[in-house]
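K.L.:
Quick one: this structure, given as structure tokens, is what I'll be asking you about.
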Amino acid sequence: MKTLCSLLTVFLALTPFLRAHAADTSASRIARGRYLATAGDCVACHTADKGKPFAGGRPIETPFGIIYSPNITPDRDTGIGGWSDDQFYRAMHTGVGPSGRHLYPAFPYPYFTKATHEDVSAIRAYLDTLEPVKNARKEPRLTWPLDWRYLLRGWNWLYFDEGTYRANAQKSPEWNRGAYLVEGLGHCGACHTATNFAGGAKASEALEGGMLQGWFAPNITGDRRAGIGSWSTEDIVDYLKTGRNSHSGATGLMAEVITDSTSKLDRSDLHAIAAYLEDMPGHPQDVSPLQGSPTLAAGRAIYRDSCSACHQYDGKGVPKLFSPLGGSALLQSRDHTTAIRLVLEGARTAPTDARPTTAAMPAYGWKLSDAEVAAVLTYVGNSWGNATPEVAASDVRTVRERLRLEHDH
């Protein structure tokens, strides 16, 4: 009897400690889940313009039509509040929803599958702390017969490799952490890798650039001409943390990624991402600068009149304010869509805690014709050591028409 009383006394004495420890563990798990959800940039896709965070409804443009992001708040009727932890993990790991329906790969489960069960559970724990929001999901508007979800079985068989990330024993722990983030939750390849006619990633061109929602996401391999091979480790870290470095400033869709995601990551994780990207060789292209083209002379005159005040006559720009053009990977990309878009509609760099004041480039679409935009981009793409094929006026016309349609909608 005395032994039982003693044990009871010890238990009662330890109860406050055990409760505090359990609370700390839970708080730590939720904090980790929040960090991981930030690394995955979940808020970007799952928040509509002027909508509640994570409540879904954002239209996501694909080559096959429009898909609307779902509500991932814990609302039981329209969100994921009625999902079990296993159902949430299955969606992240296999791309199958709780009803057994296949999810469209606009939700990047081909990348999220690499996340560990522990990390996915932590993300779910964080999402459960959000305010429940009622916001029923809209049905996708896809080209027939792509709205038949059972076709995704075939797509998965061809292009989806299910499985948690496995560390490469030949690489450092930092490299493996970077690989886990880039290939997994960060899903960098979803934007920066080209896709085929069916929307499957071209594995042989991983991270060498790809088209997405009217932008060309650039090459982020170690290619020194069209990639980030000329950037130092600190250049990469500064870009991801602040939105700017001595080479470039983040605009467009990447500005969102940096503002909502990478700027909030620990510098150790950003160094790991840099270590991984620096080790990706890419496929350098042998391109010689254009010479003797009358387009170059026309472009030079336009550049001096409209661009040199900020980017300087020598193309060196102003450090961390107006990007240098010599050695610019953007200008030497195999696809000129983003460069054309920036000239036509202007741009503003990403606001971050480290650099809340943004830099801006004015729009020149109102001032320059298609041929003039093509000429100035051809000139800067073949000056100061740069080399790129001639930009066509028809390419500018295509981008201008797309922007007009976007603004009309």
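Starting from 1 in every chain, residues are counted up; chains themselves are A, B, ... following the order of the structure tokens, and ligands are numbered from 1 as listed.
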DSSP on the backbone: which residues in region 17-126 of chain A end up as helix (DSSP H, G or I)? Give the answer as a PyMOL selection string.

P.N.:
chain A and resi 17-39+42-45+85-94+109-112+117-126

K.L.:
Would you mind listing what lies within 7 Å of Lys320 (chain A) as a list in words, with only C-alpha atoms counted and same-chain residues fewer than 4 positions away left out?

P.N.:
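Non-adjacent residues within range: Arg244, Asn245 and Ser246 of chain A.
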
K.L.:
Atoms to include: N, CA and C atoms. Write the selected residues as a short mmCIF file (atom, residue, chain, number, x, y, z; two decimals), in the first residue's frame.

P.N.:
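Below is the file that was written, out-v5.cif:
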```cif
data_model
loop_
_atom_site.label_atom_id
_atom_site.label_comp_id
_atom_site.auth_asym_id
_atom_site.auth_seq_id
_atom_site.Cartn_x
_atom_site.Cartn_y
_atom_site.Cartn_z
N ARG A 244 17.81 40.13 -53.79
CA ARG A 244 18.76 40.82 -54.66
C ARG A 244 20.18 40.38 -54.35
N ASN A 245 21.03 40.45 -55.36
CA ASN A 245 22.47 40.31 -55.16
C ASN A 245 23.17 41.17 -56.20
N SER A 246 24.45 41.01 -56.35
CA SER A 246 25.20 41.85 -57.28
C SER A 246 24.94 41.48 -58.73
#
```

K.L.:
Give me the residues of region 189-245 of chain A that have any atom at most 12 Å from an atom of region 62-66 of chain A; for each, the nearest atom pair and the distance in Å, rounded to one decimal. Use only C-alpha atoms, sort by chain and number, and format it as CSV.

P.N.:
```
residue,atom,partner,partner_atom,distance
A:Ala190,CA,A:Thr62,CA,11.7
A:Cys191,CA,A:Thr62,CA,11.5
A:Thr195,CA,A:Pro63,CA,10.2
A:Asn196,CA,A:Pro63,CA,10.5
A:Phe197,CA,A:Pro63,CA,8.9
A:Ala198,CA,A:Phe64,CA,9.0
A:Gly199,CA,A:Pro63,CA,7.8
A:Gly200,CA,A:Pro63,CA,11.6
A:Met211,CA,A:Pro63,CA,9.7
A:Leu212,CA,A:Thr62,CA,7.7
A:Gln213,CA,A:Thr62,CA,7.0
A:Gly214,CA,A:Thr62,CA,9.9
```

K.L.:
Name the residues in contact with region 332-347 of chain A at a cut-off of 10 Å, using only C-alpha atoms, excluding same-chain residues fewer than 3 positions from it; report them as an MDAnalysis selection string.

P.N.:
chainID A and resid 208:211 214:219 225:227 249:252 285 287 325:329 350 359:370 373:374 376:378 380:382 386:392 395:400 402:403

K.L.:
Deliver the residues from the most recent selection as a file, using C-alpha atoms, as an mmCIF file, in the first residue's frame.

P.N.:
```
data_model
loop_
_atom_site.group_PDB
_atom_site.id
_atom_site.type_symbol
_atom_site.label_atom_id
_atom_site.label_comp_id
_atom_site.auth_asym_id
_atom_site.auth_seq_id
_atom_site.Cartn_x
_atom_site.Cartn_y
_atom_site.Cartn_z
ATOM 1 C CA GLU A 208 17.750 24.198 -66.874
ATOM 2 C CA GLY A 209 14.705 26.452 -67.155
ATOM 3 C CA GLY A 210 11.050 26.045 -68.063
ATOM 4 C CA MET A 211 7.908 27.929 -69.059
ATOM 5 C CA GLY A 214 3.714 33.193 -69.140
ATOM 6 C CA TRP A 215 7.203 33.404 -67.620
ATOM 7 C CA PHE A 216 10.400 31.566 -68.405
ATOM 8 C CA ALA A 217 11.829 30.366 -65.097
ATOM 9 C CA PRO A 218 15.583 30.583 -65.691
ATOM 10 C CA ASN A 219 18.339 28.024 -65.662
ATOM 11 C CA ARG A 225 26.606 31.585 -69.189
ATOM 12 C CA ALA A 226 22.891 30.873 -68.922
ATOM 13 C CA GLY A 227 22.776 29.597 -65.333
ATOM 14 C CA GLY A 249 16.948 41.083 -58.563
ATOM 15 C CA ALA A 250 13.929 38.807 -58.173
ATOM 16 C CA THR A 251 10.773 39.811 -60.051
ATOM 17 C CA GLY A 252 7.608 38.137 -61.327
ATOM 18 C CA GLN A 285 25.380 25.698 -74.985
ATOM 19 C CA VAL A 287 26.688 30.263 -78.605
ATOM 20 C CA LEU A 325 23.636 43.364 -67.965
ATOM 21 C CA GLY A 326 27.087 42.009 -68.780
ATOM 22 C CA GLY A 327 27.113 38.298 -67.914
ATOM 23 C CA SER A 328 23.345 38.290 -67.342
ATOM 24 C CA ALA A 329 21.944 34.765 -67.405
ATOM 25 C CA ALA A 350 10.720 41.384 -54.179
ATOM 26 C CA ALA A 359 13.798 48.624 -56.989
ATOM 27 C CA ALA A 360 11.693 49.168 -60.089
ATOM 28 C CA MET A 361 12.081 49.113 -63.842
ATOM 29 C CA PRO A 362 9.577 51.164 -65.856
ATOM 30 C CA ALA A 363 7.469 49.660 -68.636
ATOM 31 C CA TYR A 364 8.482 50.396 -72.213
ATOM 32 C CA GLY A 365 5.668 48.570 -74.006
ATOM 33 C CA TRP A 366 3.861 51.865 -74.593
ATOM 34 C CA LYS A 367 6.961 53.425 -76.130
ATOM 35 C CA LEU A 368 8.765 50.731 -78.103
ATOM 36 C CA SER A 369 7.443 48.711 -81.040
ATOM 37 C CA ASP A 370 7.855 44.947 -81.277
ATOM 38 C CA VAL A 373 12.070 45.689 -78.187
ATOM 39 C CA ALA A 374 13.583 42.836 -80.196
ATOM 40 C CA VAL A 376 17.412 46.328 -77.859
ATOM 41 C CA LEU A 377 17.264 42.831 -76.354
ATOM 42 C CA THR A 378 19.377 41.488 -79.201
ATOM 43 C CA VAL A 380 22.209 43.741 -74.763
ATOM 44 C CA GLY A 381 22.174 39.972 -75.259
ATOM 45 C CA ASN A 382 25.285 40.238 -77.438
ATOM 46 C CA ASN A 386 27.065 38.150 -73.679
ATOM 47 C CA ALA A 387 25.972 35.828 -76.476
ATOM 48 C CA THR A 388 22.435 34.851 -77.478
ATOM 49 C CA PRO A 389 20.463 34.238 -80.682
ATOM 50 C CA GLU A 390 18.711 37.216 -82.213
ATOM 51 C CA VAL A 391 15.367 38.091 -80.625
ATOM 52 C CA ALA A 392 12.526 38.100 -83.161
ATOM 53 C CA ASP A 395 8.341 36.680 -80.256
ATOM 54 C CA VAL A 396 7.736 40.124 -78.788
ATOM 55 C CA ARG A 397 4.343 40.264 -80.493
ATOM 56 C CA THR A 398 3.384 36.928 -78.939
ATOM 57 C CA VAL A 399 4.275 38.075 -75.431
ATOM 58 C CA ARG A 400 2.560 41.440 -75.916
ATOM 59 C CA ARG A 402 -0.560 37.409 -74.003
ATOM 60 C CA LEU A 403 -0.162 40.362 -71.649
#
```

K.L.:
Give the strand (DSSP E or B) residues of region 167-258 of chain A, as assigned by DSSP on the backbone, as a ChimeraX atom specification.

P.N.:
/A:193,195,201,209-212,215-217,244,249

K.L.:
Next, write the just-selected residues to a file, as a compact mmCIF listing (two decimals), in the first residue's frame, keeping N, CA and C atoms as the atom set.

P.N.:
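This went into part14.txt:
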```txt
# COMPACT_ATOMS: atom_id res chain seq x y z
N THR A 193 12.25 23.42 -64.55
CA THR A 193 12.53 22.29 -65.43
C THR A 193 11.50 22.26 -66.56
N THR A 195 9.02 20.87 -69.43
CA THR A 195 8.11 19.73 -69.47
C THR A 195 7.82 19.33 -70.92
N ALA A 201 7.98 16.24 -66.43
CA ALA A 201 9.27 16.92 -66.36
C ALA A 201 10.30 16.19 -67.22
N GLY A 209 15.67 25.44 -66.74
CA GLY A 209 14.71 26.45 -67.16
C GLY A 209 13.45 25.86 -67.75
N GLY A 210 12.32 26.53 -67.52
CA GLY A 210 11.05 26.05 -68.06
C GLY A 210 10.00 27.15 -68.08
N MET A 211 9.00 26.96 -68.94
CA MET A 211 7.91 27.93 -69.06
C MET A 211 6.85 27.67 -67.99
N LEU A 212 6.34 28.76 -67.40
CA LEU A 212 5.30 28.63 -66.39
C LEU A 212 4.49 29.92 -66.35
N TRP A 215 5.84 33.02 -67.98
CA TRP A 215 7.20 33.40 -67.62
C TRP A 215 8.15 32.26 -67.98
N PHE A 216 9.39 32.60 -68.26
CA PHE A 216 10.40 31.57 -68.41
C PHE A 216 11.22 31.56 -67.13
N ALA A 217 11.04 30.51 -66.32
CA ALA A 217 11.83 30.37 -65.10
C ALA A 217 13.25 29.99 -65.52
N ARG A 244 17.81 40.13 -53.79
CA ARG A 244 18.76 40.82 -54.66
C ARG A 244 20.18 40.38 -54.35
N GLY A 249 18.00 40.83 -59.54
CA GLY A 249 16.95 41.08 -58.56
C GLY A 249 15.73 40.24 -58.93
```

K.L.:
I need the residue nearest Asp266 (chain A) from this list: A:Ala39, A:Ala122, A:Leu296, A:Tyr303. Use only C-alpha atoms for the distance.

P.N.:
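Ranking A:Ala39, A:Ala122, A:Leu296, A:Tyr303 by distance to Asp266 (chain A), first place goes to A:Ala39.
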
K.L.:
What's the 7 Å shell around Glu278 (chain A), counting only C-alpha atoms, without same-chain residues fewer than 2 positions away, as a short mmCIF file (atom, residue, chain, number, x, y, z; two decimals) with N, CA and C atoms, in the first residue's frame?

P.N.:
```cif
data_model
loop_
_atom_site.label_atom_id
_atom_site.label_comp_id
_atom_site.auth_asym_id
_atom_site.auth_seq_id
_atom_site.Cartn_x
_atom_site.Cartn_y
_atom_site.Cartn_z
N THR A 221 21.18 25.93 -62.88
CA THR A 221 22.29 25.01 -62.73
C THR A 221 23.60 25.82 -62.69
N GLY A 222 24.72 25.12 -62.62
CA GLY A 222 26.02 25.76 -62.57
C GLY A 222 26.55 26.23 -63.92
N GLY A 229 26.29 29.75 -62.59
CA GLY A 229 27.65 29.29 -62.34
C GLY A 229 28.63 30.39 -61.98
N ALA A 274 22.33 26.29 -51.91
CA ALA A 274 23.40 26.78 -52.78
C ALA A 274 24.40 25.66 -53.09
N ALA A 275 24.77 24.89 -52.07
CA ALA A 275 25.73 23.80 -52.29
C ALA A 275 25.21 22.79 -53.31
N TYR A 276 23.93 22.51 -53.24
CA TYR A 276 23.33 21.57 -54.19
C TYR A 276 23.28 22.15 -55.59
N MET A 280 25.12 21.21 -59.75
CA MET A 280 24.35 20.79 -60.91
C MET A 280 24.98 21.40 -62.16
#
```

K.L.:
Using only C-alpha atoms, which of A:Ser26, A:Ser84, A:Ser204, A:Ser69 sits nearest Pro140 (chain A)?

P.N.:
A:Ser69

K.L.:
Could you check how far CA of Trp384 (chain A) sits from CA of Leu331 (chain A), in Å to one decimal?

P.N.:
11.5 Å

K.L.:
Do a neighbour search on Tyr109 (chain A) at 10 Å with only C-alpha atoms, toss out local chain neighbours closer than 6 positions, and write the hits as a CSV table (one decimal) with C-alpha atoms, in the first residue's frame.

P.N.:
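What landed in selection_28.csv:
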```csv
chain,number,residue,atom,x,y,z
A,90,ARG,CA,-1.2,9.9,-48.8
A,91,ALA,CA,-2.1,13.1,-50.7
A,92,MET,CA,1.4,14.5,-50.2
A,93,HIS,CA,3.2,11.3,-50.9
A,94,THR,CA,1.2,9.7,-53.6
A,95,GLY,CA,-1.1,12.4,-55.1
A,96,VAL,CA,-4.3,10.6,-54.1
A,103,LEU,CA,-4.9,14.9,-57.7
A,115,ALA,CA,9.3,14.6,-47.8
A,160,PHE,CA,5.8,9.9,-61.2
A,161,ASP,CA,8.5,8.2,-59.0
A,162,GLU,CA,7.0,7.7,-55.6
A,184,GLY,CA,11.3,17.9,-52.3
A,185,LEU,CA,9.4,20.6,-50.4
A,187,HIS,CA,9.8,21.8,-55.6
```

K.L.:
Which residue, A:Thr352, A:Asn135, A:Thr47, A:Asn168, has the smallest gap to Lys241 (chain A) when you use only C-alpha atoms?

P.N.:
A:Thr352

K.L.:
One decimal, in Å: what's the spacing between CA of Arg101 (chain A) and CA of Gly56 (chain A)?

P.N.:
18.4 Å

K.L.:
Which neighbours of Phe88 (chain A) fall inside 12 Å, counting only C-alpha atoms, when residues of the same chain fewer than 3 positions from it are skipped, and could you give them as a PyMOL selection string?

P.N.:
chain A and resi 72+74+79-85+91-100+109+112-113+117+119-125+127-128

K.L.:
Output C-alpha atoms for every residue in that selection, as a PDB file, in the first residue's frame.

P.N.:
```pdb
ATOM      1  CA  ILE A  72      -6.173  23.615 -46.785  1.00  0.00           C
ATOM      2  CA  PRO A  74      -8.987  22.924 -41.021  1.00  0.00           C
ATOM      3  CA  GLY A  79     -11.021  22.284 -46.139  1.00  0.00           C
ATOM      4  CA  ILE A  80      -8.947  19.428 -44.756  1.00  0.00           C
ATOM      5  CA  GLY A  81     -10.396  19.400 -41.239  1.00  0.00           C
ATOM      6  CA  GLY A  82     -12.100  16.076 -41.895  1.00  0.00           C
ATOM      7  CA  TRP A  83      -8.969  14.392 -43.235  1.00  0.00           C
ATOM      8  CA  SER A  84      -7.043  11.913 -41.138  1.00  0.00           C
ATOM      9  CA  ASP A  85      -3.270  12.259 -40.810  1.00  0.00           C
ATOM     10  CA  ALA A  91      -2.101  13.108 -50.707  1.00  0.00           C
ATOM     11  CA  MET A  92       1.392  14.524 -50.208  1.00  0.00           C
ATOM     12  CA  HIS A  93       3.191  11.262 -50.873  1.00  0.00           C
ATOM     13  CA  THR A  94       1.150   9.655 -53.648  1.00  0.00           C
ATOM     14  CA  GLY A  95      -1.075  12.379 -55.070  1.00  0.00           C
ATOM     15  CA  VAL A  96      -4.305  10.610 -54.070  1.00  0.00           C
ATOM     16  CA  GLY A  97      -7.032  12.439 -52.137  1.00  0.00           C
ATOM     17  CA  PRO A  98      -9.098  11.029 -49.257  1.00  0.00           C
ATOM     18  CA  SER A  99     -11.887   9.918 -51.596  1.00  0.00           C
ATOM     19  CA  GLY A 100      -9.420   7.953 -53.710  1.00  0.00           C
ATOM     20  CA  TYR A 109       3.208  15.732 -55.275  1.00  0.00           C
ATOM     21  CA  PHE A 112       6.443  16.396 -52.102  1.00  0.00           C
ATOM     22  CA  THR A 113       6.678  12.606 -52.202  1.00  0.00           C
ATOM     23  CA  HIS A 117       6.560  11.133 -42.899  1.00  0.00           C
ATOM     24  CA  ASP A 119       7.943  16.356 -41.815  1.00  0.00           C
ATOM     25  CA  VAL A 120       4.562  15.850 -43.473  1.00  0.00           C
ATOM     26  CA  SER A 121       2.989  15.180 -40.065  1.00  0.00           C
ATOM     27  CA  ALA A 122       4.521  18.399 -38.734  1.00  0.00           C
ATOM     28  CA  ILE A 123       3.045  20.368 -41.643  1.00  0.00           C
ATOM     29  CA  ARG A 124      -0.362  18.869 -40.903  1.00  0.00           C
ATOM     30  CA  ALA A 125       0.008  19.803 -37.222  1.00  0.00           C
ATOM     31  CA  LEU A 127      -2.210  23.565 -40.709  1.00  0.00           C
ATOM     32  CA  ASP A 128      -4.521  22.328 -37.971  1.00  0.00           C
TER      33      ASP A 128
END
```

K.L.:
Find the distance between CA of Asp75 (chain A) and CA of Phe54 (chain A) and write it in Å to one decimal.

P.N.:
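We find that CA of Asp75 (chain A) and CA of Phe54 (chain A) lie 10.9 Å from each other.
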
K.L.:
Under the rule that only C-alpha atoms are counted, which of A:His247, A:Asp41, A:His311, A:Glu174 is the nearest residue to Cys188 (chain A)?

P.N.:
A:Asp41

K.L.:
Name the closest residue to Asp353 (chain A) among the candidates A:Leu290, A:Ser308, A:Gly299, A:Leu265; distances are taken between atoms, counting only C-alpha atoms.

P.N.:
A:Leu265

K.L.:
So, counting only C-alpha atoms, which residue among A:Pro110, A:Gly51, A:Pro351, A:Pro356 is closest to Ile258 (chain A)?

P.N.:
A:Pro351
